[in-house]
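Undergrad: Just passing along the structure, written as structure tokens.
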Amino acid sequence: MKHTILLCLNLICVISLNCYSSPNNQSTSRTEGTNGLPFILPENHADLIAGRARFEAAVRFGEHRLPDNLKDWEIYRVQLKDKISKRTGALTSQDLPLNMEETCVFDMKGYTVKNISFQTRPGIYATANLYIPDGKGPFPAAIVLAGHHKNGRLGAQDLGYTLALNGYVSMTIDPWGAGERTTHHGTFEYHGANLGASLMNIGESLMGLQITDNMRGVDLLRSLPCVDPEKIGATGASGGGNQTMWLTAMDERVKAAVPVVSVGTFESYVMGHNCICEVLIDGLTFTEESGVLALAAPRALMISNGLKDGNPAFYPSEMLRSYSNALPIFAMYGASNKFSHLVFDGPHSYPPATREGMIDLFNVNLKGIPPGAARKEIPETDRQPQEKLMVYPEGKRDTRIVSTAEFCRKRGNELRLAYLDARSFDKNQKKQDLKEILRIHDEPVLKKINKYSSVSGWDKFTLETSDGKLIPLWHNAPGKKSLGYTIISSPDGAKGILPSLLVELREKGTGLVIVDLSGTGEAASFLSASNDKLAKLHTLARANLWLGKTVIGEWVKELNVVIQFLSSEYKARKISIDGTRESGLAGLFLVTLGGKVDKLVLRDAPVSYLFDNRETIDFFSMGVHLPGILKWGDISLAAALSGKDLTFVNPVTMSGQSIRGEKLEEYKSEFNKIRKSCGMKGSTSFN
């Protein structure tokens, strides 16, 4: 019967892949611009971006079949853990002193609460609460991982109380960038979106930092005299459930785990509204969620989702797909009974039925007692105000509690210092490394040109590519063929290009080609837009990362197809690119990698990937971020390797702050120095 249900659920999922047509009330935002450009695609066309991404994710799900024998699995699991470690940047630092410090201790009925901080990385500390049962230990223990509560771990205190009342030492820890670890202490903020994605530019990931923190949390629990170090559990809901799964997969000291309203399939995360902390960079290129769950075998694992969850990624149907694919691994260890699932009739939450199941699982596997013992819960009147549970008084935290903004700025400066100290560069290797950072593993070609009727002097086209894309394009011929063409792009789409820019370029007589890159204008995804409340291209950027791509890398490939179009259709010999904000970076990287472009103008584009300002961090979309770009070098290196003449119009920082005066002179000097070190032609000017 169970397999029949799973088959039906999978069929529903496959059918849904073909249902990404835009409903009438979401007709891909047919908003008129101020530049008079005509529309190209018909109204209510299918969501091509979402359909393509979800189909690719579905194919990847089918590719990732787990080994069917224990010998092959043991090899596979070691390789999988190694890939996860490399992609996330998670560190194992058991020799690092914990240096736990208590700032407050208070007694409750049946247990004691301690407000603590401890070292998770060299010089970096996390904030947490310990809940210690009364009586003589040692006790089993559990780490409680907080989801996306506005106030971090302080929103997960009920689980800490519940576990302590039931005989477990428990610890709630603030996720990286949340709770007391935000930019300004006492001002709670969301740790994901552009803020969390900025970590990628320095070669880190929010997922990896959380795995590291949580493994250090296990180190701390095991170090306590009141804890039995061989009996450690983990649990959490939503984002905390996701952390629970990853911690359990990567740390075999966790003997029992209960991730709640968090397990689905990686396939279902693509084009869904999840957090960047739940993104495994390149994840679907080498595994599915079933593989991560299977890493827990043969330890105890119970997964639990609600029938009324509002996030399709966490529908019980998705959870059961991963469950059914991971279960054979547990069976190979003779531990099928250690892997279970619980579906409850409720919304996205950690309900009483699941808490009861969690206590039963922990009792059986950490205490050795049968299930069904009476569960104790804290009375409503005993819950403590968050001020009492905070490790530090508001605005007075220890300087060793480092925010994401501070960490990105400090580490970014360290990486840039090493980069600027280099006297020479292996140019060919740097170009190859840049392709890896951009995730450019193929070079799509122009497959078909579709031409439509001309309107107001604009020829309308769509370009079909060999990798299945449809690129909308507007064409206006040059006054003279010798003047060539300028390709214009903007993350706001063609309709967002200022009329004054078009007038300026027309007066020069150059031919104009305007392109809507993936995720922009008529090439946008209505599904992405509906989920992008946190940052522009939030959904598409995360989908690309799962699939082993980057937004800018895809734009580089699309611009190259446009060049193929101009070369084949109009025999263009002189081509320039004029790109705004991050689309200007796509043009730069294309030129760096050998794209046939003569000149490049970048408008309102960053001159460095260095993090500078939290408050205006959303100036760029989430598509701007590139994993490890500051470990590779910086924008000045890409400019040097291009060997072309470049112009930055209104150069800005990564938060969109204009660069003027002494700071601009410093960057001018940097760009000149790096170009000289590379021995390349061309120049970079700043207007």
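Labeling convention for the structure tokens: chains A, B, ... as they appear, residues from 1 per chain, ligands from 1 in order of appearance.
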Quick one: which range 326-359 of chain A residues come within 9 Å of range 244-263 of chain A, and what is the nearest atom pair for each with the distance in Å to one decimal, counting only C-alpha atoms, rows ordered by chain and ascending number, as a tab-separated table?

TA:
```
residue	atom	partner	partner_atom	distance
A:Lys338	CA	A:Ala256	CA	9.0
A:Pro347	CA	A:Val261	CA	8.9
A:His348	CA	A:Val261	CA	6.1
A:Ser349	CA	A:Val261	CA	6.8
A:Tyr350	CA	A:Val260	CA	6.6
A:Thr354	CA	A:Val260	CA	8.0
A:Gly357	CA	A:Val258	CA	8.8
A:Met358	CA	A:Val258	CA	6.2
```

Undergrad: Would you put the residues from that selection into a file with all heavy atoms, as a short mmCIF file (atom, residue, chain, number, x, y, z; two decimals), in the first residue's frame?

TA:
```cif
data_model
loop_
_atom_site.label_atom_id
_atom_site.label_comp_id
_atom_site.auth_asym_id
_atom_site.auth_seq_id
_atom_site.Cartn_x
_atom_site.Cartn_y
_atom_site.Cartn_z
N LYS A 338 15.34 1.78 12.32
CA LYS A 338 15.92 3.01 12.84
C LYS A 338 15.51 4.24 12.01
O LYS A 338 15.77 5.37 12.42
CB LYS A 338 17.46 2.91 12.84
CG LYS A 338 18.03 1.92 13.85
CD LYS A 338 17.80 2.41 15.28
CE LYS A 338 18.50 1.54 16.30
NZ LYS A 338 19.93 1.82 16.36
N PRO A 347 0.02 22.51 9.94
CA PRO A 347 0.85 23.39 9.13
C PRO A 347 2.33 23.24 9.45
O PRO A 347 2.75 22.33 10.18
CB PRO A 347 0.33 24.78 9.50
CG PRO A 347 -0.07 24.62 10.94
CD PRO A 347 -0.61 23.23 11.06
N HIS A 348 3.12 24.17 8.95
CA HIS A 348 4.57 24.21 9.14
C HIS A 348 4.86 24.51 10.62
O HIS A 348 4.80 25.67 11.06
CB HIS A 348 5.15 25.31 8.25
CG HIS A 348 6.61 25.22 8.02
ND1 HIS A 348 7.20 24.30 7.17
CD2 HIS A 348 7.65 25.95 8.52
CE1 HIS A 348 8.51 24.48 7.15
NE2 HIS A 348 8.80 25.46 7.97
N SER A 349 5.18 23.48 11.40
CA SER A 349 5.32 23.65 12.85
C SER A 349 6.01 22.43 13.45
O SER A 349 6.37 21.49 12.74
CB SER A 349 3.94 23.84 13.50
OG SER A 349 3.13 22.69 13.27
N TYR A 350 6.18 22.47 14.78
CA TYR A 350 6.71 21.32 15.53
C TYR A 350 5.63 20.96 16.54
O TYR A 350 5.69 21.35 17.70
CB TYR A 350 8.00 21.72 16.23
CG TYR A 350 8.93 20.57 16.59
CD1 TYR A 350 10.30 20.67 16.38
CD2 TYR A 350 8.47 19.39 17.17
CE1 TYR A 350 11.18 19.65 16.72
CE2 TYR A 350 9.31 18.36 17.51
CZ TYR A 350 10.68 18.49 17.28
OH TYR A 350 11.53 17.46 17.62
N THR A 354 4.64 15.36 17.12
CA THR A 354 6.03 15.17 16.68
C THR A 354 6.98 15.29 17.86
O THR A 354 7.99 14.57 17.94
CB THR A 354 6.39 16.20 15.59
OG1 THR A 354 5.49 16.04 14.49
CG2 THR A 354 7.80 15.98 15.09
N GLY A 357 6.92 12.01 19.47
CA GLY A 357 7.71 11.05 18.70
C GLY A 357 9.20 11.27 18.88
O GLY A 357 9.98 10.32 18.92
N MET A 358 9.60 12.55 18.98
CA MET A 358 11.02 12.87 19.19
C MET A 358 11.49 12.33 20.54
O MET A 358 12.56 11.69 20.61
CB MET A 358 11.21 14.39 19.11
CG MET A 358 12.63 14.87 19.38
SD MET A 358 12.89 15.34 21.11
CE MET A 358 11.87 16.81 21.23
#
```

Undergrad: Compile the contact shell of Leu470 in chain A as JSON, numbers by chain: residues with an atom at most 9 Å away, counting only C-alpha atoms, same-chain residues fewer than 4 positions apart removed.

TA: {"A": [48, 462, 463, 464, 465, 518, 523]}

Undergrad: How would the residues just picked look written out with C-alpha atoms as a compact mmCIF listing (two decimals), in the first residue's frame?

TA:
```
# COMPACT_ATOMS: atom_id res chain seq x y z
CA LEU A 48 10.08 28.95 -19.62
CA THR A 462 13.89 35.26 -30.31
CA LEU A 463 17.04 33.15 -30.33
CA GLU A 464 16.77 29.44 -29.55
CA THR A 465 19.94 28.01 -28.06
CA SER A 518 17.52 34.91 -18.16
CA ALA A 523 12.83 36.26 -20.06
```

Undergrad: Which polymer residues have any atom within 10 Å of an atom of Ala142 in chain A, counting only C-alpha atoms, with same-chain residues fewer than 5 positions away left out, as a ChimeraX atom specification?

TA: /A:131,159-160,163-164,168-172,217-218,221,227,231-235,254-257,362,366

Undergrad: Using only C-alpha atoms, which of A:Glu582, A:Trp632, A:Arg397, A:Ser568 sits nearest Phe619 in chain A?

TA: A:Glu582

Undergrad: Report, in Å with one decimal, the straight-line distance from CA of Thr647 in chain A to CA of Ala193 in chain A.

TA: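 Computed distance, CA of Thr647 in chain A to CA of Ala193 in chain A, equals 29.8 Å.
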
Undergrad: If you measure from CA of Tyr667 in chain A to CA of Gly412 in chain A, what distance in Å do you get, rounded to one decimal?

TA: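 Pair CA of Tyr667 in chain A / CA of Gly412 in chain A returns 15.6 Å.
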
Undergrad: Assign secondary structure with DSSP using the backbone only, and return the residues of range 287-476 of chain A in strand (DSSP E) as number ranges by chain.

TA: A: 300-306, 339-344, 446-455, 458-465, 470-476

Undergrad: If you keep C-alpha atoms, can you produce a file of those selected residues as a JSON list (two decimals), in the first residue's frame?

TA:
```
[["chain", "number", "residue", "atom", "x", "y", "z"],
["A", 300, "ALA", "CA", 18.25, 6.56, 14.43],
["A", 301, "LEU", "CA", 16.46, 9.09, 12.24],
["A", 302, "MET", "CA", 12.83, 10.21, 12.20],
["A", 303, "ILE", "CA", 11.61, 12.77, 9.65],
["A", 304, "SER", "CA", 8.30, 14.56, 10.10],
["A", 305, "ASN", "CA", 6.27, 16.89, 7.85],
["A", 306, "GLY", "CA", 2.76, 18.36, 7.97],
["A", 339, "PHE", "CA", 14.55, 5.11, 9.96],
["A", 340, "SER", "CA", 10.95, 6.30, 10.27],
["A", 341, "HIS", "CA", 8.64, 9.07, 9.14],
["A", 342, "LEU", "CA", 5.73, 10.81, 10.80],
["A", 343, "VAL", "CA", 3.12, 12.81, 8.90],
["A", 344, "PHE", "CA", 0.93, 15.08, 11.01],
["A", 446, "LEU", "CA", 22.69, 29.48, -31.70],
["A", 447, "LYS", "CA", 20.24, 26.83, -32.83],
["A", 448, "LYS", "CA", 17.41, 28.77, -34.45],
["A", 449, "ILE", "CA", 16.45, 32.38, -35.18],
["A", 450, "ASN", "CA", 12.78, 33.37, -34.98],
["A", 451, "LYS", "CA", 11.98, 36.73, -36.58],
["A", 452, "TYR", "CA", 8.76, 38.65, -36.02],
["A", 453, "SER", "CA", 7.26, 41.79, -37.54],
["A", 454, "SER", "CA", 9.15, 45.04, -36.99],
["A", 455, "VAL", "CA", 7.57, 47.75, -34.85],
["A", 458, "TRP", "CA", 12.80, 47.70, -33.98],
["A", 459, "ASP", "CA", 13.25, 44.23, -35.48],
["A", 460, "LYS", "CA", 11.99, 41.60, -33.04],
["A", 461, "PHE", "CA", 13.67, 38.21, -32.62],
["A", 462, "THR", "CA", 13.89, 35.26, -30.31],
["A", 463, "LEU", "CA", 17.04, 33.15, -30.33],
["A", 464, "GLU", "CA", 16.77, 29.44, -29.55],
["A", 465, "THR", "CA", 19.94, 28.01, -28.06],
["A", 470, "LEU", "CA", 14.68, 31.30, -25.71],
["A", 471, "ILE", "CA", 16.33, 34.75, -25.73],
["A", 472, "PRO", "CA", 14.17, 37.81, -26.61],
["A", 473, "LEU", "CA", 16.10, 40.36, -28.67],
["A", 474, "TRP", "CA", 15.43, 43.76, -30.22],
["A", 475, "HIS", "CA", 17.51, 44.91, -33.23],
["A", 476, "ASN", "CA", 18.07, 48.36, -34.74]]
```

Undergrad: Excluding Gly519 in chain A and any residue of its chain fewer than 2 positions from it, enumerate the residues within 10 Å of it, using only C-alpha atoms, and give them as a list in words.

TA: Leu48, Ile49, Ala50, Pro491, Asp492, Gly493, Asp516, Leu517, Gly521, Glu522, Ala523, Ala524, Ser525, Phe526, Ser528, Ala529, Lys536, Leu537, Thr539, Leu540, Ala541, Val551, Trp555 and Gly623 of chain A

Undergrad: Can you measure CA of Arg181 in chain A to CA of Asp398 in chain A for me? One decimal in Å is fine.

TA: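 Between CA of Arg181 in chain A and CA of Asp398 in chain A the gap is 10.4 Å.
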
Undergrad: For Pro122 in chain A, please output as a ChimeraX atom specification all residues within 10 Å (counting only C-alpha atoms; exclusion window: fewer than 4 positions along the same chain).

TA: /A:93,96-98,400

Undergrad: Counting only C-alpha atoms, which of A:Asn214, A:Asn363, A:Thr684, A:Thr103 gets nearest to Phe139 in chain A?

TA: A:Asn363

Undergrad: From the options A:Lys308, A:Pro140, A:Gly62, A:Cys277, which residue's atoms come nearest to Ser290 in chain A, counting only C-alpha atoms?

TA: A:Gly62

Undergrad: Would you list, as a ChimeraX atom specification, the residues of range 274-397 of chain A that end up in helix (DSSP H, G or I) under DSSP run on this structure's backbone?

TA: /A:276-278,283-285,289-294,312-314,316-332,336-338,352-367,380-382,386-389

Undergrad: Mind checking which residues fall within 12 Å of Tyr392 in chain A, counting only C-alpha atoms, ignoring those fewer than 5 positions away in the same chain, and posting them as number ranges by chain?

TA: A: 101-104, 115-117, 126-129, 179-181, 185-186, 386-387, 397-399, 401

Undergrad: Within 12 Å of Arg675 in chain A, counting only C-alpha atoms, which residues qualify if same-chain residues fewer than 2 places away don't, as a ChimeraX atom specification?

TA: /A:420,423-425,427,635-646,668-673,677-684

Undergrad: From the list A:Asn35, A:Thr120, A:Gln432, A:Ser322, which residue is nearest Pro499 in chain A when using only C-alpha atoms?

TA: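 Using only C-alpha atoms, the shortest distance to Pro499 in chain A belongs to A:Asn35.
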
Undergrad: Return the single residue from A:Val445, A:Ala197, A:Ala294, A:Ala605 that is closest to Gly656 in chain A, with distances computed using only C-alpha atoms.

TA: A:Ala605
